[in-house]
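Asker: If you scroll down you'll find the structure; I have some questions about it.
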Amino acid sequence: MKRIAIIGGSGIYDLDILNNPQERSIETEYGTAKVKMGLYEGQEVVFLARHGKGHALPPHKINYRANIAALKKLGVERIIGTTSVGGISAKLRPGDFVLLDQFIDFTKNRTYTFYDDAVHVDMTRPYCPEIRKTVMMAAEMLKVKVHEKGTYVCTEGPRLETSAEIKMFASLGGDVIGMTNVPECILAREAEICYGAIALVANPAAGFTDKISYQDIVEMTKSGGETLKSLLTKSISLMPEERRCACKDALKGAHFGELFTK
Ligand SMILES: [Zn+2]
């Protein structure tokens with residue numbers, strides 16, 4: 001049986017669909033990660049709350065390496081992350097769902113890799129095409145509107161952005177803005193785990209509105225939570241058994257040191 005993991009972002013701190021759930025602390029060389037494991041429709045599912053219980057961890061304090069290393073240790077082959085974002089693109093409204101297909105990294109002070117020895121993984125398509133296809137199928141079956149593509153701009157935070165920054169990100173092709181997909185998405189690729197992310201637009205980004213209220217973000221995130229959970233569970237049931245994408249071989253040919261010394 002293949003294991004799938006859900007990394008819940010803001011608003012998703014639990015996954016109450018699991019049968020016989022068990023909480024576990026997974027030790028890794030990067031630190032400890034707390035997960036909940038259980039069964040959903042006969043499939044083993046691991047749930048990890050990215051921000052911890054009670055949203056204790058801001059984006060720049062999350063131990064991304066411990067989280068991904070723990071999921072790897074548990075034999076997880078696929079991860080679907082959820083993320084609450086600000087909308088940059090004019091076509092997006094609060095409450096919309098976006099299935100990310102690209103990111104642009106503007107973080108400043110994180111650890112981006114498991115390797116210090118010249119491993120360069122391909123990130124042409126950072127989000128797994130198989131997961132993306134499955135989530136779109138789930139959305140169609142549930143009749144939930146999901147924007148099929150979106151470029152995620154990742155900032156360091158924890159402050160929100162200035163309107164000048166948002167103007168710049170818009171001119172660079174950014175559709176939504178958040179603080180957590182980097183390095184989570186990169187580390188999953190390095191661990192050869194498929195990674196997909198569903199973003200919920202919680203607010204218009206800076207400059208499209210006078211002021212961003214954190215209260216509004218929390219309320220929108222809560223109101224989209226149930227639909228997001230149904231998208232996740234449907235995607236889990238539709239996920240194919242075998243992986244046919246390139247994510248599982250991401251490290252093949254990625255060791256430059258080895259290639260040049262052959
Ligand atoms: Zn994949």
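Identifiers in this document derive from the order of the structure tokens: chains are assigned A, B, ..., residues are numbered from 1 separately in each chain, and ligands are numbered from 1 in order of occurrence.
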Return as a tab-separated table the residues of chain A lying at most 7 Å from ligand 1, together with the closest atom-to-atom pair for each and the distance in Å to one decimal, counting only C-alpha atoms and all ligand atoms, with rows in chain order and ascending residue number.
Answerer:
residue	atom	partner	partner_atom_place_in_ligand_line	distance
A:Cys128	CA	ligand 1	1 (Zn)	4.0
A:Pro129	CA	ligand 1	1 (Zn)	6.0
A:Glu130	CA	ligand 1	1 (Zn)	5.5
A:Ile131	CA	ligand 1	1 (Zn)	6.5
A:Ile193	CA	ligand 1	1 (Zn)	6.9
A:Cys194	CA	ligand 1	1 (Zn)	3.9
A:Tyr195	CA	ligand 1	1 (Zn)	6.5
A:Arg243	CA	ligand 1	1 (Zn)	6.6
A:Cys245	CA	ligand 1	1 (Zn)	4.6
A:Ala246	CA	ligand 1	1 (Zn)	5.9
A:Cys247	CA	ligand 1	1 (Zn)	4.3
A:Lys248	CA	ligand 1	1 (Zn)	6.5
Asker: Find the residues near Leu71 in chain A: any atom within 9 Å, counting only C-alpha atoms, skip ones fewer than 6 places away on the same chain, and give them as an MDAnalysis selection string.
Answerer: chainID A and resid 5 26 33 35 46 48 77 79 193
Asker: Got time to write the residues from that selection, N, CA, C and O atoms, as a JSON list (two decimals), in the first residue's frame?
Answerer:
[["chain", "number", "residue", "atom", "x", "y", "z"],
["A", 5, "ALA", "N", 0.54, 11.79, 1.95],
["A", 5, "ALA", "CA", 0.52, 12.73, 3.07],
["A", 5, "ALA", "C", -0.21, 14.01, 2.69],
["A", 5, "ALA", "O", -0.17, 14.44, 1.53],
["A", 26, "ILE", "N", 8.06, 11.76, 14.83],
["A", 26, "ILE", "CA", 9.05, 11.09, 13.98],
["A", 26, "ILE", "C", 10.39, 11.82, 14.14],
["A", 26, "ILE", "O", 10.48, 13.02, 13.86],
["A", 33, "ALA", "N", 9.31, 15.69, 13.83],
["A", 33, "ALA", "CA", 8.05, 16.15, 13.21],
["A", 33, "ALA", "C", 6.90, 15.38, 13.83],
["A", 33, "ALA", "O", 6.99, 14.16, 14.05],
["A", 35, "VAL", "N", 3.15, 13.95, 13.51],
["A", 35, "VAL", "CA", 2.17, 13.60, 12.47],
["A", 35, "VAL", "C", 1.02, 12.82, 13.09],
["A", 35, "VAL", "O", 1.11, 12.33, 14.21],
["A", 46, "VAL", "N", -1.06, 10.13, 6.01],
["A", 46, "VAL", "CA", -0.30, 10.80, 7.07],
["A", 46, "VAL", "C", -0.68, 12.27, 7.02],
["A", 46, "VAL", "O", -0.66, 12.88, 5.95],
["A", 48, "LEU", "N", 0.11, 16.13, 8.47],
["A", 48, "LEU", "CA", 1.08, 16.97, 9.19],
["A", 48, "LEU", "C", 0.56, 18.42, 9.15],
["A", 48, "LEU", "O", 0.27, 18.95, 8.07],
["A", 77, "GLU", "N", 4.91, 8.59, -0.57],
["A", 77, "GLU", "CA", 5.31, 8.79, -1.97],
["A", 77, "GLU", "C", 4.71, 10.05, -2.57],
["A", 77, "GLU", "O", 5.19, 10.56, -3.57],
["A", 79, "ILE", "N", 2.67, 13.92, -1.63],
["A", 79, "ILE", "CA", 2.22, 14.93, -0.66],
["A", 79, "ILE", "C", 1.28, 15.89, -1.37],
["A", 79, "ILE", "O", 1.60, 16.37, -2.47],
["A", 193, "ILE", "N", 9.76, 12.70, -3.58],
["A", 193, "ILE", "CA", 8.33, 12.56, -3.23],
["A", 193, "ILE", "C", 7.55, 13.50, -4.16],
["A", 193, "ILE", "O", 7.94, 14.66, -4.34]]
Asker: For Glu44 in chain A, which of A:Gly196, A:Ile6, A:Ser25, A:Ile212 is the closest residue, counting only C-alpha atoms?
Answerer: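 Of A:Gly196, A:Ile6, A:Ser25, A:Ile212, the one nearest Glu44 in chain A is A:Ile6, counting only C-alpha atoms.
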Asker: Write out as a list in words the residues lying within 8 Å of range 55-69 of chain A, counting only C-alpha atoms and excluding same-chain residues fewer than 5 positions away.
Answerer: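 Within the cut-off, the hits are Ser10, Tyr13, Thr28, Glu29, Tyr30, Gly31, Thr32, Ala33, Leu48, Arg50, Asn109, Arg110, Thr111, Thr113, Phe114, Glu156, Gly157, Pro158, Met179, Thr180, Pro183, Glu184, Leu187, Ala188 and Ala191 of chain A.
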Asker: Excluding Val144 in chain A and any residue of its chain fewer than 3 positions from it, enumerate the residues within 9 Å of it, using only C-alpha atoms, and give them as a CSV table (one decimal) with C-alpha atoms, in the first residue's frame.
Answerer:
chain,number,residue,atom,x,y,z
A,97,PHE,CA,-9.0,27.7,-5.3
A,138,ALA,CA,-11.6,15.5,-8.1
A,139,ALA,CA,-12.6,19.1,-8.6
A,140,GLU,CA,-14.6,18.2,-11.7
A,141,MET,CA,-16.4,15.3,-10.0
A,227,THR,CA,-14.5,22.4,0.5
A,231,LEU,CA,-11.1,18.2,-2.5
Asker: At what distance in Å, to one decimal, does CA of Tyr152 in chain A lie from CA of Leu100 in chain A?
Answerer: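 One can read the CA of Leu100 in chain A to CA of Tyr152 in chain A distance as 6.6 Å.
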Asker: Take CA of Ile4 in chain A and CA of Ala199 in chain A and report the distance between them in Å, one decimal.
Answerer: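 Taking CA of Ile4 in chain A and CA of Ala199 in chain A, their separation equals 18.4 Å.
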Asker: Between A:Ile198, A:Val45, A:Ile7, A:Ile17, single out the one closest to Tyr127 in chain A, counting only C-alpha atoms.
Answerer: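 Closest residue, counting only C-alpha atoms: A:Ile198.
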